[in-house]
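Below is model.txt, holding compact mmCIF, C-alpha atoms and all ligand atoms.
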```txt
# COMPACT_ATOMS: atom_id res chain seq x y z
CA MET A 5 -11.31 -20.84 51.40
CA ASN A 6 -7.64 -20.04 50.76
CA VAL A 7 -7.50 -18.06 47.51
CA LEU A 8 -4.65 -16.47 45.60
CA LEU A 9 -5.31 -13.45 43.38
CA THR A 10 -2.67 -12.84 40.71
CA GLY A 11 -2.79 -9.13 39.88
CA GLY A 12 -4.74 -8.68 43.10
CA MET A 13 -3.43 -5.16 43.73
CA GLY A 14 -4.89 -3.86 40.44
CA TYR A 15 -8.20 -2.17 39.74
CA ILE A 16 -10.49 -5.20 39.57
CA GLY A 17 -8.44 -7.51 41.81
CA SER A 18 -8.44 -5.03 44.72
CA HIS A 19 -12.26 -4.80 44.68
CA VAL A 20 -12.58 -8.58 44.49
CA ALA A 21 -10.13 -8.84 47.41
CA VAL A 22 -12.38 -6.61 49.53
CA VAL A 23 -15.48 -8.69 48.79
CA LEU A 24 -13.67 -12.01 49.46
CA LEU A 25 -12.09 -10.76 52.70
CA GLN A 26 -15.45 -9.50 53.93
CA ALA A 27 -16.90 -12.94 53.24
CA GLY A 28 -14.20 -14.50 55.44
CA HIS A 29 -11.89 -15.99 52.81
CA HIS A 30 -8.14 -16.11 53.35
CA VAL A 31 -6.79 -13.88 50.58
CA VAL A 32 -3.26 -13.82 49.16
CA LEU A 33 -2.46 -11.02 46.69
CA TYR A 34 0.32 -11.87 44.25
CA ASP A 35 1.39 -8.88 42.13
CA ASN A 36 4.58 -7.38 40.71
CA LEU A 37 3.10 -3.85 41.04
CA CYS A 38 3.86 -3.04 37.39
CA ASN A 39 0.49 -1.28 37.16
CA SER A 40 -0.52 -0.78 40.81
CA GLU A 41 0.73 0.77 44.05
CA ILE A 42 1.65 -0.63 47.44
CA GLU A 43 -0.71 1.90 49.14
CA THR A 44 -3.64 -0.17 47.87
CA LEU A 45 -2.83 -2.85 50.46
CA ALA A 46 -3.53 -0.53 53.41
CA ARG A 47 -6.66 0.72 51.70
CA ILE A 48 -8.01 -2.80 51.22
CA GLU A 49 -7.31 -3.43 54.91
CA GLN A 50 -9.04 -0.19 55.89
CA ILE A 51 -12.21 -1.21 54.04
CA ALA A 52 -12.28 -4.93 54.87
CA GLY A 53 -10.87 -4.72 58.40
CA VAL A 54 -8.45 -7.55 57.58
CA ARG A 55 -5.02 -7.28 55.98
CA PRO A 56 -4.55 -9.69 53.09
CA THR A 57 -1.20 -11.39 52.59
CA PHE A 58 0.82 -9.66 49.90
CA ILE A 59 3.56 -11.23 47.79
CA GLN A 60 5.44 -8.95 45.42
CA ALA A 61 6.46 -11.24 42.57
CA ASP A 62 5.95 -11.90 38.89
CA ILE A 63 3.62 -14.57 37.50
CA ARG A 64 6.33 -15.45 34.99
CA SER A 65 8.27 -16.96 37.90
CA ALA A 66 6.72 -20.45 38.23
CA LYS A 67 9.02 -21.09 41.21
CA ALA A 68 7.78 -18.05 43.18
CA LEU A 69 4.19 -18.99 42.32
CA THR A 70 4.68 -22.62 43.35
CA ASP A 71 6.14 -21.52 46.68
CA ALA A 72 3.22 -19.15 47.28
CA LEU A 73 0.60 -21.77 46.38
CA LYS A 74 2.21 -24.38 48.67
CA HIS A 75 2.99 -22.07 51.55
CA HIS A 76 -0.58 -20.72 51.78
CA ALA A 77 -2.33 -24.03 50.99
CA ILE A 78 -4.19 -22.32 48.13
CA GLU A 79 -7.39 -24.01 46.92
CA THR A 80 -8.44 -21.68 44.09
CA VAL A 81 -6.61 -19.10 41.97
CA LEU A 82 -8.27 -15.97 40.58
CA HIS A 83 -6.08 -14.83 37.70
CA PHE A 84 -6.23 -11.06 37.07
CA ALA A 85 -2.56 -10.35 36.30
CA GLY A 86 -1.96 -9.12 32.79
CA LEU A 87 -1.35 -6.11 30.60
CA LYS A 88 -4.53 -4.56 29.21
CA ALA A 89 -3.91 -1.52 27.00
CA VAL A 90 -5.15 -2.26 23.48
CA GLY A 91 -3.07 0.45 21.74
CA GLU A 92 0.11 -0.48 23.60
CA SER A 93 -0.42 -4.14 22.66
CA ALA A 94 -0.13 -3.23 18.97
CA ILE A 95 3.15 -1.41 19.66
CA ASN A 96 4.69 -4.04 21.97
CA PRO A 97 2.93 -7.31 21.07
CA VAL A 98 5.77 -9.48 22.37
CA ASP A 99 5.45 -7.94 25.85
CA TYR A 100 1.75 -8.77 25.78
CA TYR A 101 2.25 -12.38 24.69
CA ALA A 102 5.10 -12.85 27.20
CA ASN A 103 3.20 -11.35 30.11
CA ASN A 104 -0.35 -12.52 29.43
CA VAL A 105 0.12 -15.84 27.63
CA GLY A 106 3.59 -16.68 29.03
CA GLY A 107 2.51 -15.64 32.53
CA THR A 108 -0.57 -17.88 32.32
CA VAL A 109 1.54 -20.86 31.16
CA SER A 110 3.77 -20.32 34.16
CA LEU A 111 0.73 -20.13 36.47
CA LEU A 112 -0.71 -23.35 35.05
CA GLU A 113 2.65 -25.10 35.53
CA ALA A 114 2.72 -23.99 39.16
CA MET A 115 -0.89 -25.14 39.66
CA ARG A 116 -0.11 -28.54 38.09
CA GLU A 117 2.95 -28.87 40.31
CA THR A 118 0.88 -28.19 43.44
CA GLY A 119 -2.23 -30.13 42.40
CA ILE A 120 -4.55 -27.10 42.37
CA ARG A 121 -7.23 -27.51 39.70
CA SER A 122 -9.59 -24.59 40.32
CA LEU A 123 -9.22 -21.33 38.40
CA VAL A 124 -11.23 -18.15 37.78
CA PHE A 125 -9.84 -16.29 34.77
CA SER A 126 -10.30 -12.59 33.90
CA GLY A 127 -11.61 -12.89 30.38
CA SER A 128 -12.93 -10.10 28.22
CA ALA A 129 -15.79 -9.36 25.85
CA THR A 130 -13.04 -8.36 23.44
CA VAL A 131 -12.95 -12.07 22.43
CA TYR A 132 -16.25 -11.57 20.55
CA GLY A 133 -14.55 -9.20 18.07
CA GLU A 134 -16.97 -7.28 15.84
CA PRO A 135 -20.48 -8.26 17.05
CA GLN A 136 -22.41 -10.35 14.52
CA TYR A 137 -25.56 -9.93 16.63
CA LEU A 138 -26.57 -8.24 19.86
CA PRO A 139 -26.81 -8.80 22.75
CA LEU A 140 -23.66 -10.94 22.85
CA ASP A 141 -24.19 -14.37 24.38
CA GLU A 142 -21.45 -16.87 25.18
CA ALA A 143 -22.19 -18.83 21.97
CA HIS A 144 -21.25 -15.85 19.79
CA PRO A 145 -18.29 -16.73 17.52
CA LEU A 146 -14.90 -15.73 18.91
CA CYS A 147 -12.46 -13.48 17.08
CA ALA A 148 -9.80 -11.06 18.28
CA THR A 149 -9.03 -7.81 16.50
CA ASN A 150 -5.83 -6.70 18.27
CA PRO A 151 -2.85 -8.35 20.05
CA TYR A 152 -4.34 -7.77 23.53
CA GLY A 153 -7.55 -9.49 22.45
CA ARG A 154 -5.57 -12.34 20.90
CA THR A 155 -3.76 -12.95 24.21
CA LYS A 156 -7.17 -13.27 25.92
CA LEU A 157 -8.39 -15.63 23.21
CA HIS A 158 -5.21 -17.76 23.29
CA ILE A 159 -5.51 -18.08 27.06
CA GLU A 160 -9.15 -19.18 26.82
CA GLU A 161 -8.21 -21.77 24.18
CA MET A 162 -5.35 -23.01 26.31
CA LEU A 163 -7.72 -23.40 29.27
CA ARG A 164 -10.21 -25.36 27.15
CA ASP A 165 -7.40 -27.69 25.98
CA LEU A 166 -6.28 -28.14 29.57
CA SER A 167 -9.77 -28.98 30.74
CA ALA A 168 -10.22 -31.48 27.88
CA SER A 169 -6.96 -33.18 28.90
CA ASP A 170 -7.87 -33.60 32.57
CA PRO A 171 -11.48 -33.74 33.84
CA LEU A 172 -10.43 -32.71 37.34
CA TRP A 173 -9.96 -29.08 36.30
CA ARG A 174 -12.65 -26.55 37.25
CA ILE A 175 -12.20 -23.35 35.24
CA VAL A 176 -14.41 -20.36 34.58
CA CYS A 177 -13.52 -17.58 32.12
CA LEU A 178 -15.50 -14.53 33.19
CA ARG A 179 -15.88 -12.29 30.15
CA TYR A 180 -16.06 -8.75 31.49
CA PHE A 181 -17.74 -6.02 29.48
CA ASN A 182 -16.69 -2.44 30.46
CA PRO A 183 -15.81 -2.30 34.18
CA VAL A 184 -16.15 1.18 35.72
CA GLY A 185 -16.79 2.75 39.13
CA ALA A 186 -15.04 2.39 42.45
CA HIS A 187 -15.61 1.15 45.99
CA GLU A 188 -18.19 3.32 47.77
CA SER A 189 -15.55 4.42 50.29
CA GLY A 190 -13.60 6.21 47.54
CA LEU A 191 -10.46 4.49 48.85
CA ILE A 192 -9.81 2.20 45.89
CA GLY A 193 -10.63 2.65 42.22
CA GLU A 194 -9.12 2.84 38.76
CA LYS A 195 -5.98 4.93 38.54
CA PRO A 196 -4.50 4.73 35.06
CA VAL A 197 -0.91 5.86 34.59
CA GLY A 198 -0.67 8.83 32.20
CA THR A 199 -3.56 9.97 30.02
CA PRO A 200 -6.42 7.46 30.22
CA ASN A 201 -7.39 5.50 27.09
CA ASN A 202 -10.78 4.44 28.42
CA LEU A 203 -13.86 6.62 28.51
CA MET A 204 -14.82 6.73 32.20
CA PRO A 205 -11.40 7.62 33.64
CA TYR A 206 -10.98 10.21 30.89
CA ILE A 207 -14.35 11.85 31.66
CA ALA A 208 -13.48 11.84 35.38
CA ARG A 209 -10.29 13.75 34.75
CA VAL A 210 -12.06 16.27 32.54
CA ALA A 211 -14.61 16.82 35.33
CA ALA A 212 -11.74 17.25 37.80
CA GLY A 213 -10.23 19.94 35.58
CA GLU A 214 -7.09 17.90 34.91
CA LEU A 215 -7.87 17.45 31.21
CA LYS A 216 -9.40 20.16 29.05
CA GLU A 217 -12.09 18.28 27.17
CA LEU A 218 -13.20 14.85 26.05
CA SER A 219 -12.85 13.84 22.41
CA VAL A 220 -15.95 11.86 21.48
CA PHE A 221 -14.71 9.33 18.95
CA GLY A 222 -17.37 9.48 16.25
CA ASN A 223 -21.01 10.61 16.24
CA ASP A 224 -22.04 8.88 13.03
CA TYR A 225 -22.47 5.32 14.29
CA PRO A 226 -25.81 3.56 13.73
CA THR A 227 -26.81 4.13 17.38
CA PRO A 228 -29.61 6.36 18.79
CA ASP A 229 -27.36 9.44 19.20
CA GLY A 230 -24.59 8.38 16.81
CA THR A 231 -21.97 7.75 19.53
CA GLY A 232 -20.57 4.35 20.61
CA VAL A 233 -22.67 2.21 22.95
CA ARG A 234 -21.11 -0.04 25.62
CA ASP A 235 -22.18 -2.20 28.55
CA TYR A 236 -20.63 -0.45 31.57
CA ILE A 237 -20.61 -2.59 34.69
CA HIS A 238 -19.92 -1.40 38.24
CA VAL A 239 -16.67 -2.92 39.53
CA MET A 240 -18.40 -3.92 42.80
CA ASP A 241 -21.01 -5.87 40.83
CA LEU A 242 -18.13 -7.49 38.97
CA ALA A 243 -16.48 -8.31 42.32
CA GLU A 244 -19.67 -9.94 43.58
CA GLY A 245 -19.83 -11.92 40.33
CA HIS A 246 -16.41 -13.39 41.20
CA MET A 247 -17.67 -14.39 44.63
CA ALA A 248 -20.62 -16.15 43.04
CA ALA A 249 -18.32 -17.88 40.52
CA LEU A 250 -16.02 -19.09 43.28
CA GLY A 251 -18.85 -20.92 45.04
CA TRP A 252 -20.35 -22.25 41.80
CA LEU A 253 -17.03 -23.66 40.58
CA THR A 254 -16.87 -26.20 43.39
CA GLY A 255 -19.66 -28.23 41.78
CA HIS A 256 -18.80 -27.61 38.11
CA PRO A 257 -15.85 -29.40 36.55
CA GLY A 258 -14.88 -28.40 33.01
CA CYS A 259 -14.04 -25.07 31.40
CA HIS A 260 -16.89 -22.55 31.23
CA ALA A 261 -17.29 -19.06 29.79
CA ILE A 262 -19.71 -16.65 31.46
CA ASN A 263 -20.42 -13.01 30.56
CA LEU A 264 -20.31 -10.43 33.32
CA GLY A 265 -22.26 -7.47 31.99
CA THR A 266 -25.53 -5.70 32.72
CA GLY A 267 -27.26 -6.19 29.37
CA GLN A 268 -27.82 -2.43 29.18
CA GLY A 269 -25.87 -0.23 26.75
CA TYR A 270 -25.11 3.47 27.21
CA SER A 271 -23.76 5.88 24.60
CA VAL A 272 -20.74 8.14 25.07
CA LEU A 273 -23.01 11.19 25.33
CA GLU A 274 -25.22 9.45 27.92
CA MET A 275 -22.06 8.76 29.94
CA VAL A 276 -20.99 12.41 29.72
CA LYS A 277 -24.41 13.57 30.90
CA ALA A 278 -24.58 11.09 33.78
CA PHE A 279 -21.09 11.98 34.97
CA ALA A 280 -21.73 15.72 34.81
CA SER A 281 -24.85 15.18 36.90
CA ALA A 282 -23.14 12.96 39.51
CA SER A 283 -20.11 15.25 39.86
CA GLU A 284 -21.99 18.54 39.46
CA ARG A 285 -19.16 19.58 37.14
CA ASP A 286 -19.06 20.48 33.47
CA VAL A 287 -17.67 17.84 31.13
CA PRO A 288 -16.74 19.76 27.96
CA TYR A 289 -16.39 17.65 24.84
CA GLN A 290 -15.77 17.95 21.13
CA ILE A 291 -16.70 15.51 18.39
CA ALA A 292 -13.61 13.83 16.94
CA PRO A 293 -13.12 11.21 14.20
CA ARG A 294 -13.90 7.56 14.95
CA ARG A 295 -11.13 5.65 16.76
CA ALA A 296 -9.63 2.82 14.70
CA GLY A 297 -10.87 -0.60 15.78
CA ASP A 298 -13.98 0.67 17.63
CA VAL A 299 -17.36 -0.97 17.10
CA ALA A 300 -20.72 0.86 17.12
CA ALA A 301 -22.28 -1.10 19.97
CA CYS A 302 -21.34 -3.91 22.34
CA TYR A 303 -23.46 -5.24 25.20
CA ALA A 304 -24.01 -8.51 26.97
CA ASN A 305 -26.69 -11.08 27.20
CA PRO A 306 -26.24 -11.66 30.96
CA GLU A 307 -28.72 -14.57 31.27
CA LYS A 308 -26.14 -17.33 31.75
CA ALA A 309 -24.64 -15.56 34.77
CA LEU A 310 -28.09 -15.33 36.33
CA LYS A 311 -29.02 -18.93 35.52
CA GLU A 312 -25.70 -20.50 36.53
CA LEU A 313 -24.27 -18.19 39.19
CA GLY A 314 -27.49 -16.64 40.47
CA TRP A 315 -25.80 -13.29 39.94
CA GLN A 316 -26.93 -10.13 38.21
CA ALA A 317 -25.66 -6.57 38.31
CA GLN A 318 -27.41 -4.43 40.93
CA ARG A 319 -25.86 -0.98 40.56
CA GLY A 320 -26.93 1.59 37.99
CA LEU A 321 -25.16 4.32 36.05
CA PRO A 322 -25.59 7.06 38.72
CA ASP A 323 -23.75 4.82 41.21
CA MET A 324 -20.98 4.04 38.68
CA CYS A 325 -20.42 7.79 38.13
CA ALA A 326 -20.78 8.86 41.77
CA SER A 327 -18.30 6.28 43.07
CA THR A 328 -15.78 7.13 40.34
CA TRP A 329 -16.13 10.81 41.21
CA LYS A 330 -15.69 10.13 44.92
CA PHE A 331 -12.48 8.21 44.21
CA VAL A 332 -11.05 10.76 41.75
CA SER A 333 -12.04 13.88 43.67
CA SER A 334 -10.62 12.59 46.95
CA ARG A 335 -7.13 12.22 45.44
CA PRO A 336 -4.95 15.31 46.01
CA GLU A 337 -4.49 15.81 42.24
CA GLY A 338 -8.26 15.43 41.66
CA ARG A 339 -9.47 18.22 43.93
CA GLY A 340 -9.15 20.67 41.09
P1 LIG B 401 -4.84 -3.60 36.33
O1 LIG B 401 -3.70 -3.26 35.44
O2 LIG B 401 -5.38 -2.55 37.23
O3 LIG B 401 -4.48 -4.88 37.22
C1 LIG B 401 -3.63 -5.89 36.78
C2 LIG B 401 -2.63 -6.16 37.89
O4 LIG B 401 -1.75 -7.20 37.44
C3 LIG B 401 -1.76 -4.95 38.23
O5 LIG B 401 -1.78 -4.74 39.61
C4 LIG B 401 -0.37 -5.34 37.74
O6 LIG B 401 0.65 -4.78 38.56
C5 LIG B 401 -0.42 -6.86 37.82
N1 LIG B 401 0.46 -7.56 36.88
C6 LIG B 401 0.57 -7.39 35.54
N2 LIG B 401 1.48 -8.22 35.04
C7 LIG B 401 1.95 -8.97 36.07
C8 LIG B 401 2.91 -10.00 36.18
N3 LIG B 401 3.62 -10.43 35.12
N4 LIG B 401 3.13 -10.55 37.40
C9 LIG B 401 2.45 -10.11 38.49
N5 LIG B 401 1.55 -9.12 38.44
C10 LIG B 401 1.30 -8.55 37.24
O7 LIG B 401 -6.01 -4.19 35.38
P2 LIG B 401 -7.51 -4.52 35.73
O8 LIG B 401 -8.38 -3.52 35.05
O9 LIG B 401 -7.66 -4.76 37.19
O10 LIG B 401 -7.68 -5.88 34.92
C11 LIG B 401 -7.51 -7.14 35.54
C12 LIG B 401 -7.71 -8.22 34.51
O11 LIG B 401 -9.00 -8.07 33.90
C13 LIG B 401 -6.71 -8.18 33.35
O12 LIG B 401 -6.35 -9.49 33.02
C14 LIG B 401 -7.49 -7.53 32.22
O13 LIG B 401 -7.02 -7.94 30.95
C15 LIG B 401 -8.89 -8.05 32.49
N6 LIG B 401 -9.93 -7.17 31.95
C16 LIG B 401 -9.96 -5.85 32.30
C17 LIG B 401 -10.92 -5.01 31.74
C18 LIG B 401 -10.95 -3.55 32.07
O14 LIG B 401 -11.53 -2.78 31.30
N7 LIG B 401 -10.37 -3.10 33.18
C19 LIG B 401 -11.87 -5.54 30.86
C20 LIG B 401 -11.82 -6.89 30.54
C21 LIG B 401 -10.84 -7.71 31.09
C1 LIG B 402 -15.83 3.19 25.30
C2 LIG B 402 -16.52 4.11 24.30
C3 LIG B 402 -15.08 4.86 22.52
C4 LIG B 402 -12.40 7.25 25.03
C5 LIG B 402 -11.80 -1.29 25.95
C6 LIG B 402 -11.04 -2.46 25.38
C7 LIG B 402 -11.68 -3.76 25.79
C8 LIG B 402 -11.90 -3.84 27.31
C9 LIG B 402 -12.50 -2.59 27.88
C10 LIG B 402 -10.20 -5.15 28.35
C11 LIG B 402 -16.16 3.83 22.84
C12 LIG B 402 -15.52 6.03 23.37
C13 LIG B 402 -13.41 6.43 24.58
C14 LIG B 402 -12.40 8.62 24.65
C15 LIG B 402 -14.45 8.25 23.44
N1 LIG B 402 -10.69 -4.02 28.02
N2 LIG B 402 -14.42 6.91 23.81
N3 LIG B 402 -13.44 9.06 23.87
O1 LIG B 402 -13.10 0.45 23.64
O2 LIG B 402 -15.27 -0.43 24.65
O3 LIG B 402 -13.14 -1.32 25.44
O4 LIG B 402 -11.83 -1.41 27.38
O5 LIG B 402 -10.48 -6.26 28.02
O6 LIG B 402 -10.86 -4.78 25.32
O7 LIG B 402 -11.02 -2.34 23.97
O8 LIG B 402 -13.74 0.99 26.04
O9 LIG B 402 -13.65 2.97 27.45
O10 LIG B 402 -12.00 2.77 25.54
O11 LIG B 402 -14.41 3.19 25.03
O12 LIG B 402 -15.35 8.72 22.73
O13 LIG B 402 -11.50 9.42 24.96
O14 LIG B 402 -16.06 5.46 24.54
O15 LIG B 402 -15.04 5.22 21.16
O16 LIG B 402 -17.32 4.06 22.08
P1 LIG B 402 -13.84 -0.07 24.81
P2 LIG B 402 -13.36 2.51 26.08
```
Once you've parsed the file, please lay out its structure as structure tokens.
Ligand code: NAD
Ligand code: WQD
Amino acid sequence: MNVLLTGGMGYIGSHVAVVLLQAGHHVVLYDNLCNSEIETLARIEQIAGVRPTFIQADIRSAKALTDALKHHAIETVLHFAGLKAVGESAINPVDYYANNVGGTVSLLEAMRETGIRSLVFSGSATVYGEPQYLPLDEAHPLCATNPYGRTKLHIEEMLRDLSASDPLWRIVCLRYFNPVGAHESGLIGEKPVGTPNNLMPYIARVAAGELKELSVFGNDYPTPDGTGVRDYIHVMDLAEGHMAALGWLTGHPGCHAINLGTGQGYSVLEMVKAFASASERDVPYQIAPRRAGDVAACYANPEKALKELGWQAQRGLPDMCASTWKFVSSRPEGRG
């Protein structure tokens, strides 16, 4: 199949690209490199043995997108491009609406123009807001608590409206929980610019000696050890979930939401312990106040993904930590 990945040079898109290329799909990566590097292209090629087509352009250019979709006879779009830092979204909300919502409008215009009606969207468990019950299934009420989350919710709503207006559309919103880990080669992984906001990349840099210690945001939550619990999912499992969704979509018109999580929650302290063990490094930490906007626990009910896509996560926490460590410690700045 000819597929175009917006944001395909980023953390999740690059792993999905590898899996799709290895399955024989023709892959076009469309990215403006605002949060990724050109070196990733050669690394994807090194792993997959095939070089994907790369187009450096912005999704807000409907013209550039239309040209790319036509030129490569694209059949399905996987839409990863977007800005994703929660804190930054509260400081620059307009950038987030312009890039995420505006960029998606532009993509949908280009798809309408070219007659492509098949879309896999990078959704997020952030659309569940504060959990009213756990585990979170797809029927849980939706509510966003920050501008980033609202962009994800607006996009989902827009996609549902679109699907209601035209039964030919086939759309799946994959709601990711907490993606972590890296490709087993250590060649591609998550490389945040500046100090990481998310737990796993922060722990990795503490283990590498690049950051002094982790601040554990709160140890008085109603969880077994008092620290926040999340559903961490290996990025390669996530990538395989996209492959499954791509095949499934062919026979499923409409707009669907499917969780991609493991169903298993781990606390911050469990993550620290697992990473220290996988890296054989100390991960010093101190207990700090709760972070504004955090919830005590968040984890998926992954049954719909199994029932519909025949997919479930295969990789455990040791693998998530070991692959992250391999990626981080093989970078020159990570050798410590
Ligand atoms: P990422 O920043 O690594 O990748 C996004 C890619 O999109 C980058 O390569 C960036 O250069 C590109 N991009 C951004 N704006 C663009 C634009 N206007 N035009 C063209 N390219 C553009 O992020 P990621 O972690 O790979 O996330 C991918 C998607 O998954 C995002 O939509 C994100 O909101 C969603 N998501 C991520 C997480 C997570 O924790 N990583 C969780 C849930 C959902
Ligand atoms: C995990 C746990 C923190 C950093 C975010 C977004 C969400 C989604 C995924 C895109 C929490 C604790 C963290 C640190 C800590 N992204 N923590 N010290 O907040 O679950 O989700 O990323 O859609 O929208 O909100 O992930 O990795 O930031 O935090 O103690 O330095 O680690 O309090 O309990 P989160 P996270």
inquiry  = Quick check, in Å to one decimal: how far apart do CA of Asn104 in chain A and CA of Ala301 in chain A lie?
reply    = 26.5 Å
request  = For each of A:Leu138, A:Ile63, A:Ala148, A:Val31, take the minimum atom-to-atom distance to ligand LIG 402 (chain B), counting all atoms listed in the file, then give the residue where this is smallest.
outcome  = A:Ala148
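Using only C-alpha atoms, the shortest contact distance between Glu41 in chain A and any of A:Lys195, A:Arg209, A:His19, A:Lys88 is found at A:Lys195.
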ask   = Neighbours of Leu37 in chain A within 12 Å (only C-alpha atoms; same-chain residues fewer than 2 positions away dropped), as a PyMOL selection string?
value = chain A and resi 10-15+33-35+39-45+58-63+85-87
What would the list of residues within 9 Å of (-8.1, -14.6, 54.6) (file frame) look like as a PDB file with C-alpha atoms, in the frame of the given file, if only C-alpha atoms are what count?
```pdb
ATOM      1  CA  MET A   5     -11.310 -20.840  51.400  1.00  0.00           C
ATOM      2  CA  ASN A   6      -7.640 -20.040  50.760  1.00  0.00           C
ATOM      3  CA  VAL A   7      -7.500 -18.060  47.510  1.00  0.00           C
ATOM      4  CA  LEU A  24     -13.670 -12.010  49.460  1.00  0.00           C
ATOM      5  CA  LEU A  25     -12.090 -10.760  52.700  1.00  0.00           C
ATOM      6  CA  GLN A  26     -15.450  -9.500  53.930  1.00  0.00           C
ATOM      7  CA  GLY A  28     -14.200 -14.500  55.440  1.00  0.00           C
ATOM      8  CA  HIS A  29     -11.890 -15.990  52.810  1.00  0.00           C
ATOM      9  CA  HIS A  30      -8.140 -16.110  53.350  1.00  0.00           C
ATOM     10  CA  VAL A  31      -6.790 -13.880  50.580  1.00  0.00           C
ATOM     11  CA  VAL A  32      -3.260 -13.820  49.160  1.00  0.00           C
ATOM     12  CA  VAL A  54      -8.450  -7.550  57.580  1.00  0.00           C
ATOM     13  CA  ARG A  55      -5.020  -7.280  55.980  1.00  0.00           C
ATOM     14  CA  PRO A  56      -4.550  -9.690  53.090  1.00  0.00           C
ATOM     15  CA  THR A  57      -1.200 -11.390  52.590  1.00  0.00           C
TER      16      THR A  57
END
```
Please build the interface table for chain A against ligand LIG 402 (chain B) with a cut-off of 7 Å, listing for each qualifying residue the nearest atom pair and the distance in Å to one decimal; count all atoms listed in the file, order rows by chain and increasing number, and write it as JSON lines.
```
{"residue": "A:Lys88", "atom": "CA", "partner": "B:LIG402", "partner_atom": "C10", "distance": 5.8}
{"residue": "A:Val90", "atom": "CA", "partner": "B:LIG402", "partner_atom": "O7", "distance": 5.9}
{"residue": "A:Ser128", "atom": "CA", "partner": "B:LIG402", "partner_atom": "O5", "distance": 4.6}
{"residue": "A:Ala129", "atom": "CA", "partner": "B:LIG402", "partner_atom": "O5", "distance": 6.5}
{"residue": "A:Thr130", "atom": "CA", "partner": "B:LIG402", "partner_atom": "O6", "distance": 4.6}
{"residue": "A:Gly153", "atom": "CA", "partner": "B:LIG402", "partner_atom": "O6", "distance": 6.4}
{"residue": "A:Phe181", "atom": "CA", "partner": "B:LIG402", "partner_atom": "C9", "distance": 6.5}
{"residue": "A:Asn182", "atom": "CA", "partner": "B:LIG402", "partner_atom": "C9", "distance": 4.9}
{"residue": "A:Asn201", "atom": "CA", "partner": "B:LIG402", "partner_atom": "O10", "distance": 5.6}
{"residue": "A:Asn202", "atom": "CA", "partner": "B:LIG402", "partner_atom": "O9", "distance": 3.4}
{"residue": "A:Leu203", "atom": "CA", "partner": "B:LIG402", "partner_atom": "O9", "distance": 3.8}
{"residue": "A:Met204", "atom": "CA", "partner": "B:LIG402", "partner_atom": "O9", "distance": 6.2}
{"residue": "A:Tyr206", "atom": "CA", "partner": "B:LIG402", "partner_atom": "O13", "distance": 6.0}
{"residue": "A:Leu218", "atom": "CA", "partner": "B:LIG402", "partner_atom": "O13", "distance": 5.8}
{"residue": "A:Ser219", "atom": "CA", "partner": "B:LIG402", "partner_atom": "N3", "distance": 5.0}
{"residue": "A:Val220", "atom": "CA", "partner": "B:LIG402", "partner_atom": "O12", "distance": 3.4}
{"residue": "A:Phe221", "atom": "CA", "partner": "B:LIG402", "partner_atom": "O12", "distance": 3.9}
{"residue": "A:Gly222", "atom": "CA", "partner": "B:LIG402", "partner_atom": "O12", "distance": 6.8}
{"residue": "A:Thr231", "atom": "CA", "partner": "B:LIG402", "partner_atom": "O16", "distance": 6.5}
{"residue": "A:Gly232", "atom": "CA", "partner": "B:LIG402", "partner_atom": "O16", "distance": 3.6}
{"residue": "A:Val233", "atom": "CA", "partner": "B:LIG402", "partner_atom": "O16", "distance": 5.7}
{"residue": "A:Arg234", "atom": "CA", "partner": "B:LIG402", "partner_atom": "O2", "distance": 5.9}
{"residue": "A:Val272", "atom": "CA", "partner": "B:LIG402", "partner_atom": "O14", "distance": 5.4}
{"residue": "A:Arg294", "atom": "CA", "partner": "B:LIG402", "partner_atom": "O15", "distance": 6.7}
{"residue": "A:Arg295", "atom": "CA", "partner": "B:LIG402", "partner_atom": "O15", "distance": 5.9}
{"residue": "A:Asp298", "atom": "CA", "partner": "B:LIG402", "partner_atom": "O15", "distance": 5.9}
{"residue": "A:Ala300", "atom": "CA", "partner": "B:LIG402", "partner_atom": "O16", "distance": 6.8}
```
message = Can you measure CA of Gly119 in chain A to CA of Lys308 in chain A for me? One decimal in Å is fine.
response = 29.1 Å
Who sits within 12 Å of Tyr137 in chain A, only C-alpha atoms, same chain under 6 positions skipped, as a list in words =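 What passes the distance filter is Ala143, His144, Pro145, Ala300, Ala301, Cys302, Tyr303, Ala304 and Asn305 of chain A.
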Selected residues, C-alpha atoms, written as a PDB file, in the frame of the given file, please.
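Heads up, here's the output in result.pdb:
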```pdb
ATOM      1  CA  ALA A 143     -22.190 -18.830  21.970  1.00  0.00           C
ATOM      2  CA  HIS A 144     -21.250 -15.850  19.790  1.00  0.00           C
ATOM      3  CA  PRO A 145     -18.290 -16.730  17.520  1.00  0.00           C
ATOM      4  CA  ALA A 300     -20.720   0.860  17.120  1.00  0.00           C
ATOM      5  CA  ALA A 301     -22.280  -1.100  19.970  1.00  0.00           C
ATOM      6  CA  CYS A 302     -21.340  -3.910  22.340  1.00  0.00           C
ATOM      7  CA  TYR A 303     -23.460  -5.240  25.200  1.00  0.00           C
ATOM      8  CA  ALA A 304     -24.010  -8.510  26.970  1.00  0.00           C
ATOM      9  CA  ASN A 305     -26.690 -11.080  27.200  1.00  0.00           C
TER      10      ASN A 305
END
```
What are the centre and edge lengths in Å, to one decimal, of the axis-aligned box around all listed atoms of range 163-178 of chain A with 4 Å added on each side, as AutoDock Vina command-line options?
```
--center_x -10.9 --center_y -24.1 --center_z 31.7 --size_x 17.2 --size_y 27.2 --size_z 19.4
```
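Taking CA of Thr328 in chain A as the reference point, CA of Gly185 in chain A is found at 4.7 Å.
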